[in-house]
file upload.cif (mmCIF, C-alpha atoms)
data_entry
#
loop_
_atom_site.group_PDB
_atom_site.id
_atom_site.type_symbol
_atom_site.label_atom_id
_atom_site.label_comp_id
_atom_site.auth_asym_id
_atom_site.auth_seq_id
_atom_site.Cartn_x
_atom_site.Cartn_y
_atom_site.Cartn_z
ATOM 1 C CA MET A 1 -174.050 10.393 40.334
ATOM 2 C CA GLU A 2 -175.277 13.000 37.908
ATOM 3 C CA SER A 3 -173.282 15.888 36.561
ATOM 4 C CA GLY A 4 -174.330 18.478 39.102
ATOM 5 C CA PRO A 5 -172.321 21.511 40.258
ATOM 6 C CA MET A 6 -170.051 19.350 42.430
ATOM 7 C CA ILE A 7 -169.000 17.378 39.346
ATOM 8 C CA SER A 8 -169.149 19.950 36.545
ATOM 9 C CA ILE A 9 -167.302 22.612 38.577
ATOM 10 C CA GLY A 10 -165.650 20.893 41.530
ATOM 11 C CA LEU A 11 -164.039 18.031 39.600
ATOM 12 C CA PRO A 12 -162.157 20.188 37.034
ATOM 13 C CA ILE A 13 -160.974 22.509 39.817
ATOM 14 C CA SER A 14 -159.779 19.539 41.876
ATOM 15 C CA LEU A 15 -157.933 18.070 38.902
ATOM 16 C CA PHE A 16 -156.355 21.474 38.226
ATOM 17 C CA ILE A 17 -154.959 21.529 41.775
ATOM 18 C CA ILE A 18 -153.697 17.940 41.457
ATOM 19 C CA MET A 19 -151.864 18.782 38.208
ATOM 20 C CA ILE A 20 -150.228 21.783 39.905
ATOM 21 C CA GLY A 21 -148.892 19.274 42.415
ATOM 22 C CA ILE A 22 -147.336 17.235 39.592
ATOM 23 C CA GLY A 23 -145.747 20.399 38.211
ATOM 24 C CA MET A 24 -144.263 21.219 41.601
ATOM 25 C CA THR A 25 -142.321 17.938 41.541
ATOM 26 C CA LEU A 26 -140.592 18.852 38.271
ATOM 27 C CA THR A 27 -137.437 20.744 37.402
ATOM 28 C CA ALA A 28 -135.652 21.254 34.096
ATOM 29 C CA ARG A 29 -133.005 18.813 35.328
ATOM 30 C CA ASP A 30 -135.587 16.020 35.522
ATOM 31 C CA PHE A 31 -136.305 16.383 31.825
ATOM 32 C CA HIS A 32 -132.598 16.542 31.011
ATOM 33 C CA GLN A 33 -131.752 13.349 32.917
ATOM 34 C CA VAL A 34 -134.459 11.364 31.178
ATOM 35 C CA THR A 35 -133.819 12.707 27.676
ATOM 36 C CA VAL A 36 -130.128 11.772 27.931
ATOM 37 C CA LYS A 37 -131.279 8.141 28.176
ATOM 38 C CA PRO A 38 -134.702 8.254 26.486
ATOM 39 C CA ALA A 39 -135.494 4.527 26.109
ATOM 40 C CA GLY A 40 -137.654 4.436 29.240
ATOM 41 C CA LEU A 41 -139.494 7.604 28.239
ATOM 42 C CA ILE A 42 -140.187 6.311 24.723
ATOM 43 C CA ILE A 43 -141.353 2.852 25.811
ATOM 44 C CA GLY A 44 -143.478 4.170 28.670
ATOM 45 C CA THR A 45 -145.133 6.894 26.604
ATOM 46 C CA VAL A 46 -145.940 4.655 23.624
ATOM 47 C CA ALA A 47 -147.313 1.970 25.929
ATOM 48 C CA GLN A 48 -149.518 4.471 27.786
ATOM 49 C CA ILE A 49 -150.840 6.260 24.718
ATOM 50 C CA LEU A 50 -151.237 3.380 22.237
ATOM 51 C CA VAL A 51 -150.751 -0.082 23.721
ATOM 52 C CA MET A 52 -152.974 0.245 26.798
ATOM 53 C CA PRO A 53 -156.014 1.428 24.761
ATOM 54 C CA LEU A 54 -155.425 -1.452 22.315
ATOM 55 C CA ILE A 55 -155.406 -3.878 25.250
ATOM 56 C CA ALA A 56 -158.685 -2.329 26.447
ATOM 57 C CA PHE A 57 -160.315 -2.810 23.033
ATOM 58 C CA ALA A 58 -159.128 -6.434 23.030
ATOM 59 C CA LEU A 59 -160.608 -7.004 26.510
ATOM 60 C CA CYS A 60 -163.917 -5.447 25.443
ATOM 61 C CA TRP A 61 -164.090 -7.942 22.579
ATOM 62 C CA ALA A 62 -162.877 -10.941 24.579
ATOM 63 C CA LEU A 63 -165.233 -10.321 27.514
ATOM 64 C CA SER A 64 -168.180 -9.065 25.405
ATOM 65 C CA LEU A 65 -168.591 -6.024 27.634
ATOM 66 C CA PRO A 66 -171.766 -3.912 27.476
ATOM 67 C CA PRO A 67 -171.323 -0.741 25.352
ATOM 68 C CA ALA A 68 -171.154 1.767 28.220
ATOM 69 C CA ILE A 69 -168.710 -0.362 30.226
ATOM 70 C CA ALA A 70 -166.593 -0.912 27.104
ATOM 71 C CA VAL A 71 -166.326 2.822 26.402
ATOM 72 C CA GLY A 72 -165.477 3.466 30.044
ATOM 73 C CA LEU A 73 -162.721 0.851 29.984
ATOM 74 C CA VAL A 74 -161.157 2.399 26.878
ATOM 75 C CA ILE A 75 -161.262 5.823 28.548
ATOM 76 C CA ILE A 76 -159.447 4.722 31.706
ATOM 77 C CA ALA A 77 -156.933 2.793 29.591
ATOM 78 C CA ALA A 78 -156.250 5.942 27.564
ATOM 79 C CA CYS A 79 -155.698 8.064 30.687
ATOM 80 C CA PRO A 80 -152.112 8.809 31.781
ATOM 81 C CA GLY A 81 -150.627 8.109 35.181
ATOM 82 C CA GLY A 82 -151.218 10.611 37.961
ATOM 83 C CA THR A 83 -149.553 11.838 41.122
ATOM 84 C CA THR A 84 -150.331 8.494 42.787
ATOM 85 C CA SER A 85 -148.123 6.656 40.290
ATOM 86 C CA ASN A 86 -145.192 8.838 41.324
ATOM 87 C CA LEU A 87 -145.799 7.963 44.985
ATOM 88 C CA PHE A 88 -145.977 4.224 44.291
ATOM 89 C CA THR A 89 -142.789 4.450 42.204
ATOM 90 C CA LEU A 90 -141.077 6.015 45.201
ATOM 91 C CA LEU A 91 -142.381 3.266 47.493
ATOM 92 C CA ALA A 92 -141.177 0.608 45.043
ATOM 93 C CA ARG A 93 -137.697 2.198 44.857
ATOM 94 C CA GLY A 94 -138.224 2.834 41.170
ATOM 95 C CA ASN A 95 -136.858 5.714 39.100
ATOM 96 C CA VAL A 96 -139.002 8.590 40.371
ATOM 97 C CA ALA A 97 -137.652 11.142 37.855
ATOM 98 C CA LEU A 98 -138.658 8.836 34.987
ATOM 99 C CA SER A 99 -142.066 8.290 36.564
ATOM 100 C CA ILE A 100 -142.707 12.016 36.858
ATOM 101 C CA VAL A 101 -141.623 12.779 33.301
ATOM 102 C CA LEU A 102 -143.729 9.887 31.993
ATOM 103 C CA THR A 103 -146.729 11.294 33.862
ATOM 104 C CA VAL A 104 -146.229 14.715 32.330
ATOM 105 C CA SER A 105 -145.416 13.534 28.792
ATOM 106 C CA ALA A 106 -148.423 11.219 28.670
ATOM 107 C CA SER A 107 -150.661 13.912 30.162
ATOM 108 C CA LEU A 108 -149.617 16.376 27.463
ATOM 109 C CA ILE A 109 -150.191 13.891 24.627
ATOM 110 C CA THR A 110 -153.477 12.711 26.163
ATOM 111 C CA VAL A 111 -154.910 16.156 25.510
ATOM 112 C CA MET A 112 -155.095 15.131 21.840
ATOM 113 C CA THR A 113 -155.399 11.335 21.961
ATOM 114 C CA LEU A 114 -158.093 10.897 24.628
ATOM 115 C CA PRO A 115 -160.856 12.620 22.598
ATOM 116 C CA VAL A 116 -159.923 10.603 19.485
ATOM 117 C CA LEU A 117 -159.908 7.248 21.288
ATOM 118 C CA THR A 118 -163.111 8.042 23.184
ATOM 119 C CA ASN A 119 -165.019 8.978 20.049
ATOM 120 C CA TYR A 120 -163.727 5.877 18.267
ATOM 121 C CA ALA A 121 -164.964 3.749 21.162
ATOM 122 C CA LEU A 122 -168.341 5.484 21.087
ATOM 123 C CA ARG A 123 -168.698 4.805 17.359
ATOM 124 C CA THR A 124 -167.582 1.205 17.848
ATOM 125 C CA TYR A 125 -169.809 0.224 20.757
ATOM 126 C CA PHE A 126 -172.866 2.426 20.277
ATOM 127 C CA ASP A 127 -175.335 2.697 17.443
ATOM 128 C CA THR A 128 -174.204 5.547 15.186
ATOM 129 C CA GLN A 129 -177.755 6.913 15.414
ATOM 130 C CA GLN A 130 -177.161 7.865 19.029
ATOM 131 C CA ALA A 131 -176.100 11.423 19.719
ATOM 132 C CA ILE A 132 -173.410 10.460 22.232
ATOM 133 C CA VAL A 133 -170.190 12.169 21.236
ATOM 134 C CA LEU A 134 -167.206 13.730 22.951
ATOM 135 C CA PRO A 135 -166.763 17.222 21.467
ATOM 136 C CA PHE A 136 -163.172 17.277 20.242
ATOM 137 C CA GLY A 137 -162.525 21.024 20.395
ATOM 138 C CA ARG A 138 -164.151 21.496 23.793
ATOM 139 C CA THR A 139 -162.361 18.445 25.198
ATOM 140 C CA VAL A 140 -158.942 19.569 23.960
ATOM 141 C CA ALA A 141 -159.544 23.044 25.394
ATOM 142 C CA MET A 142 -160.663 21.653 28.757
ATOM 143 C CA LEU A 143 -157.825 19.152 29.023
ATOM 144 C CA SER A 144 -155.318 21.863 28.077
ATOM 145 C CA ALA A 145 -156.711 24.138 30.767
ATOM 146 C CA ILE A 146 -156.633 21.511 33.508
ATOM 147 C CA VAL A 147 -153.489 19.616 32.466
ATOM 148 C CA LEU A 148 -151.018 21.853 30.627
ATOM 149 C CA LEU A 149 -151.570 25.153 32.421
ATOM 150 C CA PRO A 150 -151.390 23.825 36.008
ATOM 151 C CA VAL A 151 -148.228 21.823 35.275
ATOM 152 C CA VAL A 152 -146.550 25.019 34.070
ATOM 153 C CA ILE A 153 -147.808 26.875 37.152
ATOM 154 C CA GLY A 154 -146.458 24.131 39.411
ATOM 155 C CA MET A 155 -143.035 24.229 37.758
ATOM 156 C CA LEU A 156 -142.900 28.015 38.139
ATOM 157 C CA VAL A 157 -143.747 27.709 41.831
ATOM 158 C CA ARG A 158 -141.004 25.106 42.205
ATOM 159 C CA ALA A 159 -138.507 27.407 40.465
ATOM 160 C CA TRP A 160 -139.418 30.553 42.385
ATOM 161 C CA ARG A 161 -140.398 29.144 45.792
ATOM 162 C CA PRO A 162 -138.817 25.688 46.173
ATOM 163 C CA ALA A 163 -139.482 25.509 49.918
ATOM 164 C CA LEU A 164 -143.182 26.229 49.394
ATOM 165 C CA ALA A 165 -143.361 23.679 46.580
ATOM 166 C CA SER A 166 -141.692 21.032 48.734
ATOM 167 C CA ARG A 167 -144.238 21.522 51.524
ATOM 168 C CA ALA A 168 -147.177 21.592 49.114
ATOM 169 C CA GLU A 169 -146.291 18.389 47.226
ATOM 170 C CA GLY A 170 -147.432 16.066 49.992
ATOM 171 C CA ILE A 171 -150.590 18.080 50.658
ATOM 172 C CA VAL A 172 -151.582 17.998 46.987
ATOM 173 C CA SER A 173 -150.980 14.230 46.784
ATOM 174 C CA ILE A 174 -153.220 13.651 49.806
ATOM 175 C CA PHE A 175 -155.813 15.990 48.299
ATOM 176 C CA GLY A 176 -155.759 13.998 45.069
ATOM 177 C CA GLY A 177 -156.378 10.758 46.917
ATOM 178 C CA LEU A 178 -159.255 12.298 48.874
ATOM 179 C CA VAL A 179 -160.875 13.675 45.719
ATOM 180 C CA LEU A 180 -160.748 10.275 44.074
ATOM 181 C CA ALA A 181 -162.128 8.621 47.207
ATOM 182 C CA VAL A 182 -165.055 11.075 47.434
ATOM 183 C CA LEU A 183 -165.840 10.611 43.743
ATOM 184 C CA VAL A 184 -165.775 6.832 43.985
ATOM 185 C CA ILE A 185 -167.973 6.792 47.119
ATOM 186 C CA GLY A 186 -170.467 9.195 45.550
ATOM 187 C CA LEU A 187 -170.540 7.252 42.312
ATOM 188 C CA VAL A 188 -171.062 3.914 44.069
ATOM 189 C CA TRP A 189 -173.861 5.425 46.146
ATOM 190 C CA GLY A 190 -175.553 6.777 43.017
ATOM 191 C CA ILE A 191 -175.680 3.347 41.369
ATOM 192 C CA ARG A 192 -176.016 1.321 44.584
ATOM 193 C CA ASP A 193 -179.057 -0.550 43.246
ATOM 194 C CA ARG A 194 -176.953 -1.953 40.363
ATOM 195 C CA ILE A 195 -173.528 -2.071 41.986
ATOM 196 C CA GLY A 196 -173.389 -5.871 42.063
ATOM 197 C CA GLU A 197 -174.267 -6.200 38.402
ATOM 198 C CA LEU A 198 -171.850 -3.477 37.332
ATOM 199 C CA MET A 199 -169.023 -4.898 39.456
ATOM 200 C CA VAL A 200 -169.477 -8.217 37.698
ATOM 201 C CA GLN A 201 -169.417 -6.443 34.320
ATOM 202 C CA ALA A 202 -166.511 -4.065 34.942
ATOM 203 C CA GLY A 203 -164.498 -5.566 37.801
ATOM 204 C CA PRO A 204 -162.735 -8.426 35.973
ATOM 205 C CA SER A 205 -161.815 -6.251 32.978
ATOM 206 C CA ALA A 206 -160.420 -3.522 35.247
ATOM 207 C CA ILE A 207 -158.273 -6.027 37.155
ATOM 208 C CA VAL A 208 -156.984 -7.675 33.973
ATOM 209 C CA LEU A 209 -156.224 -4.286 32.384
ATOM 210 C CA ASN A 210 -154.257 -3.269 35.469
ATOM 211 C CA LEU A 211 -152.258 -6.494 35.683
ATOM 212 C CA LEU A 212 -151.533 -6.567 31.941
ATOM 213 C CA GLY A 213 -150.285 -2.975 32.093
ATOM 214 C CA ILE A 214 -147.926 -3.725 34.961
ATOM 215 C CA GLY A 215 -146.699 -6.941 33.340
ATOM 216 C CA LEU A 216 -146.183 -5.187 30.012
ATOM 217 C CA GLY A 217 -144.150 -2.450 31.684
ATOM 218 C CA LEU A 218 -141.898 -4.869 33.540
ATOM 219 C CA LEU A 219 -141.294 -7.298 30.673
ATOM 220 C CA CYS A 220 -140.811 -4.798 27.830
ATOM 221 C CA SER A 221 -138.549 -2.560 29.893
ATOM 222 C CA ARG A 222 -136.283 -5.396 30.926
ATOM 223 C CA ALA A 223 -136.310 -6.843 27.386
ATOM 224 C CA VAL A 224 -134.758 -3.643 25.998
ATOM 225 C CA GLY A 225 -132.161 -3.458 28.772
ATOM 226 C CA LEU A 226 -133.639 -0.919 31.152
ATOM 227 C CA SER A 227 -132.676 -1.192 34.801
ATOM 228 C CA ARG A 228 -135.034 -2.611 37.406
ATOM 229 C CA ARG A 229 -135.675 0.870 38.768
ATOM 230 C CA GLU A 230 -136.630 2.139 35.307
ATOM 231 C CA ALA A 231 -138.765 -0.938 34.653
ATOM 232 C CA LEU A 232 -140.643 -0.378 37.916
ATOM 233 C CA ALA A 233 -141.291 3.246 36.962
ATOM 234 C CA VAL A 234 -142.712 2.237 33.582
ATOM 235 C CA ALA A 235 -144.806 -0.569 35.082
ATOM 236 C CA THR A 236 -146.219 1.719 37.749
ATOM 237 C CA GLU A 237 -147.149 4.364 35.183
ATOM 238 C CA LEU A 238 -149.025 1.754 33.145
ATOM 239 C CA GLY A 239 -150.811 0.307 36.159
ATOM 240 C CA ILE A 240 -151.595 3.351 38.309
ATOM 241 C CA LYS A 241 -153.899 5.554 36.239
ATOM 242 C CA ASN A 242 -155.286 9.052 36.704
ATOM 243 C CA GLY A 243 -158.750 7.859 37.679
ATOM 244 C CA THR A 244 -159.862 11.430 38.395
ATOM 245 C CA LEU A 245 -159.345 12.338 34.736
ATOM 246 C CA GLY A 246 -161.333 9.306 33.615
ATOM 247 C CA LEU A 247 -164.189 10.281 35.909
ATOM 248 C CA MET A 248 -164.093 13.866 34.666
ATOM 249 C CA VAL A 249 -164.433 12.790 31.033
ATOM 250 C CA THR A 250 -167.268 10.352 31.693
ATOM 251 C CA LEU A 251 -169.186 12.478 34.188
ATOM 252 C CA THR A 252 -168.711 16.064 32.988
ATOM 253 C CA LEU A 253 -168.307 15.604 29.231
ATOM 254 C CA LEU A 254 -170.299 12.445 28.513
ATOM 255 C CA HIS A 255 -172.698 12.780 31.479
ATOM 256 C CA SER A 256 -172.779 9.026 31.979
ATOM 257 C CA SER A 257 -172.603 7.388 35.389
ATOM 258 C CA GLU A 258 -172.470 3.947 33.792
ATOM 259 C CA MET A 259 -169.467 4.827 31.603
ATOM 260 C CA SER A 260 -167.695 6.095 34.701
ATOM 261 C CA ILE A 261 -167.921 2.706 36.457
ATOM 262 C CA PRO A 262 -164.649 1.304 35.003
ATOM 263 C CA SER A 263 -162.731 4.422 36.098
ATOM 264 C CA ALA A 264 -164.240 4.205 39.582
ATOM 265 C CA ILE A 265 -163.566 0.483 39.971
ATOM 266 C CA TYR A 266 -160.084 0.795 38.493
ATOM 267 C CA GLY A 267 -159.386 3.708 40.846
ATOM 268 C CA VAL A 268 -160.153 1.467 43.820
ATOM 269 C CA LEU A 269 -158.464 -1.745 42.660
ATOM 270 C CA MET A 270 -155.213 -0.107 41.566
ATOM 271 C CA PHE A 271 -154.282 0.739 45.171
ATOM 272 C CA PRO A 272 -153.903 -2.801 46.595
ATOM 273 C CA ILE A 273 -152.223 -3.926 43.366
ATOM 274 C CA GLY A 274 -149.931 -0.889 43.580
ATOM 275 C CA PHE A 275 -148.903 -1.825 47.114
ATOM 276 C CA LEU A 276 -148.086 -5.353 45.939
ATOM 277 C CA LEU A 277 -145.924 -3.871 43.169
ATOM 278 C CA ALA A 278 -144.208 -1.640 45.721
ATOM 279 C CA ALA A 279 -143.508 -4.670 47.923
ATOM 280 C CA TYR A 280 -142.034 -6.477 44.915
ATOM 281 C CA GLY A 281 -139.823 -3.497 44.110
ATOM 282 C CA ARG A 282 -138.534 -3.255 47.668
ATOM 283 C CA ARG A 283 -137.702 -6.943 47.538
ATOM 284 C CA VAL A 284 -135.746 -6.918 44.261
ATOM 285 C CA ILE A 285 -134.032 -3.550 44.851
ATOM 286 C CA PRO A 286 -132.244 -3.520 48.237
ATOM 287 C CA ALA A 287 -132.145 -0.213 50.067
ATOM 288 C CA ALA A 288 -128.360 -0.036 49.817
ATOM 289 C CA ARG A 289 -128.616 0.180 46.027
ATOM 290 C CA GLU A 290 -131.378 2.760 46.020
ATOM 291 C CA ALA A 291 -128.982 5.684 45.665
ATOM 292 C CA GLN A 292 -126.802 4.082 42.981
ATOM 293 C CA PRO A 293 -127.070 5.200 39.374
ATOM 294 C CA ASP A 294 -129.446 3.135 37.249
ATOM 295 C CA GLY A 295 -127.777 0.130 35.722
ATOM 296 C CA ALA A 296 -124.564 0.551 37.736
ATOM 297 C CA THR A 297 -124.814 -2.932 39.230
ATOM 298 C CA GLU A 298 -127.808 -4.349 37.416
ATOM 299 C CA VAL A 299 -126.400 -5.054 33.958
ATOM 300 C CA SER A 300 -125.242 -8.534 34.835
ATOM 301 C CA GLY A 301 -128.514 -9.302 36.586
ATOM 302 C CA ALA A 302 -130.769 -8.333 33.705
ATOM 303 C CA GLY A 303 -133.482 -10.768 32.773
#

call {"tool": "encode", "arguments": {"input": "upload.cif", "output": "structure tokens"}}
result
Amino acid sequence: MESGPMISIGLPISLFIIMIGIGMTLTARDFHQVTVKPAGLIIGTVAQILVMPLIAFALCWALSLPPAIAVGLVIIAACPGGTTSNLFTLLARGNVALSIVLTVSASLITVMTLPVLTNYALRTYFDTQQAIVLPFGRTVAMLSAIVLLPVVIGMLVRAWRPALASRAEGIVSIFGGLVLAVLVIGLVWGIRDRIGELMVQAGPSAIVLNLLGIGLGLLCSRAVGLSRREALAVATELGIKNGTLGLMVTLTLLHSSEMSIPSAIYGVLMFPIGFLLAAYGRRVIPAAREAQPDGATEVSGAG
């Protein structure tokens, strides 16, 4: 799947629309509620930005991944959550406000950290003689244009036309899922002659990265006293990644179909695992408690 017009133009535009959808789910009150009790925001953001990439580097070493697959795994690990993570948090009866703010905070920070981590991975896994590099300035500018700006636009739409924003949220979420599906299908078709080999190389690492992220979110959140709903939000953010962003970086900036394989495989595998997490959340958080404030009845049941 080469970087033709559909990828170089269509993918950034699609991601722009998806990020507007995230912005339309946000209000100033969401930020206020989370900042009053910031433990979940701090843990979730640090884990997304720093810990998940470190886990990816460790998996690359432990599994002796090929260079292109290793770089691709680091890229998807360094990506924030997306609109899908907010949906799965809702299904799991997690703290949706925390999930949304974590998505936005990580997306904003990723503008700076993703280029740094990608270039470090390229230097680590490729011969320094190779001219493969992610241009820092161009990448920051592009990520700012397709992450920061649309979130602001979405929030303005929500503030000025709340009814329109409410109707558009679901449409944008569906659109995001369709975009990812089309990208994954096209990518798989483009490398169909090597799909078996690449699945063997990238599939296990993508599954382990996903499960470790979810486990890390659940265990660390509960260890510091967060409620089950907050823990589910953090775990979902760590497990359900913005695969579209990973594909954009690998396909439009690095022009590498092989590096995009981990993002594509992760983007497929995270859905069944996400549904299992949602089922777990609905089991441990009864519907009757869904509307109660976080921690109101869960303090004694922590652990």

call {"tool": "resolve_selection", "arguments": {"input": "upload.cif", "expression": "the PyMOL selection byres ((chain A and resi 72) around 12)", "output": "ChimeraX atom specification"}}
result
/A:53,56-57,60,65-71,73-79,114,117-119,121-122,125,198,201-203,205-206,243,245-251,254-266

call {"tool": "residues_around", "arguments": {"input": "upload.cif", "residues": "Leu149 of chain A", "least_positions_apart": "6", "cutoff": "12 Å", "atoms": "all atoms listed in the file", "output": "list in words"}}
result
Leu15, Phe16, Ile17, Ile18, Met19, Ile20, Gly21, Ile22, Gly23, Val104, Ser107, Leu108, Val111, Ala141, Met142, Leu143, Met155 and Leu156 of chain A

call {"tool": "atom_distance", "arguments": {"input": "upload.cif", "atom1": "atom CA of Ala28 of chain A", "atom2": "atom CA of Ala233 of chain A"}}
result
19.1 Å

call {"tool": "atom_distance", "arguments": {"input": "upload.cif", "atom1": "atom CA of Ile171 of chain A", "atom2": "atom CA of Gly267 of chain A"}}
result
19.5 Å

call {"tool": "resolve_selection", "arguments": {"input": "upload.cif", "expression": "the PyMOL selection byres ((chain A and resi 218) around 12)", "output": "VMD selection string"}}
result
chain A and resid 40 43 to 44 47 94 211 to 217 219 to 239 277 280 to 281 302 to 303

call {"tool": "closest_residue", "arguments": {"input": "upload.cif", "among": "A:Thr244, A:Thr113, A:Ser166, A:Ser105", "to": "Thr84 of chain A", "atoms": "all atoms listed in the file"}}
result
A:Thr244

call {"tool": "atom_distance", "arguments": {"input": "upload.cif", "atom1": "atom CA of Ile240 of chain A", "atom2": "atom CA of Leu269 of chain A"}}
result
9.6 Å

call {"tool": "residues_around", "arguments": {"input": "upload.cif", "residues": "Asn242 of chain A", "least_positions_apart": "3", "cutoff": "6 Å", "atoms": "all atoms listed in the file", "output": "list in words"}}
result
Pro80, Gly81, Gly82 and Leu245 of chain A

call {"tool": "write_last_selection", "arguments": {"input": "upload.cif", "atoms": "C-alpha atoms", "output": "JSON list (two decimals), keeping the file's coordinate frame"}}
result
[["chain", "number", "residue", "atom", "x", "y", "z"],
["A", 80, "PRO", "CA", -152.11, 8.81, 31.78],
["A", 81, "GLY", "CA", -150.63, 8.11, 35.18],
["A", 82, "GLY", "CA", -151.22, 10.61, 37.96],
["A", 245, "LEU", "CA", -159.34, 12.34, 34.74]]

call {"tool": "axis_aligned_box", "arguments": {"input": "upload.cif", "around": "segment 14-28 of chain A", "padding_each_side": "8 Å", "output": "AutoDock Vina command-line options"}}
result
--center_x -147.7 --center_y 19.5 --center_z 38.3 --size_x 40.1 --size_y 20.5 --size_z 24.3

call {"tool": "closest_residue", "arguments": {"input": "upload.cif", "among": "A:Gly154, A:Tyr120, A:Ala168, A:Pro272", "to": "Ile207 of chain A", "atoms": "all atoms listed in the file"}}
result
A:Pro272

call {"tool": "resolve_selection", "arguments": {"input": "upload.cif", "expression": "the PyMOL selection byres ((chain A and resi 97) around 12)", "output": "ChimeraX atom specification"}}
result
/A:22,25-35,37,40-41,85-87,89-90,93-96,98-104,229-230,232-234,237,294

call {"tool": "closest_residue", "arguments": {"input": "upload.cif", "among": "A:Ala278, A:Ile13, A:Val51, A:Val151", "to": "Phe88 of chain A", "atoms": "all atoms listed in the file"}}
result
A:Ala278
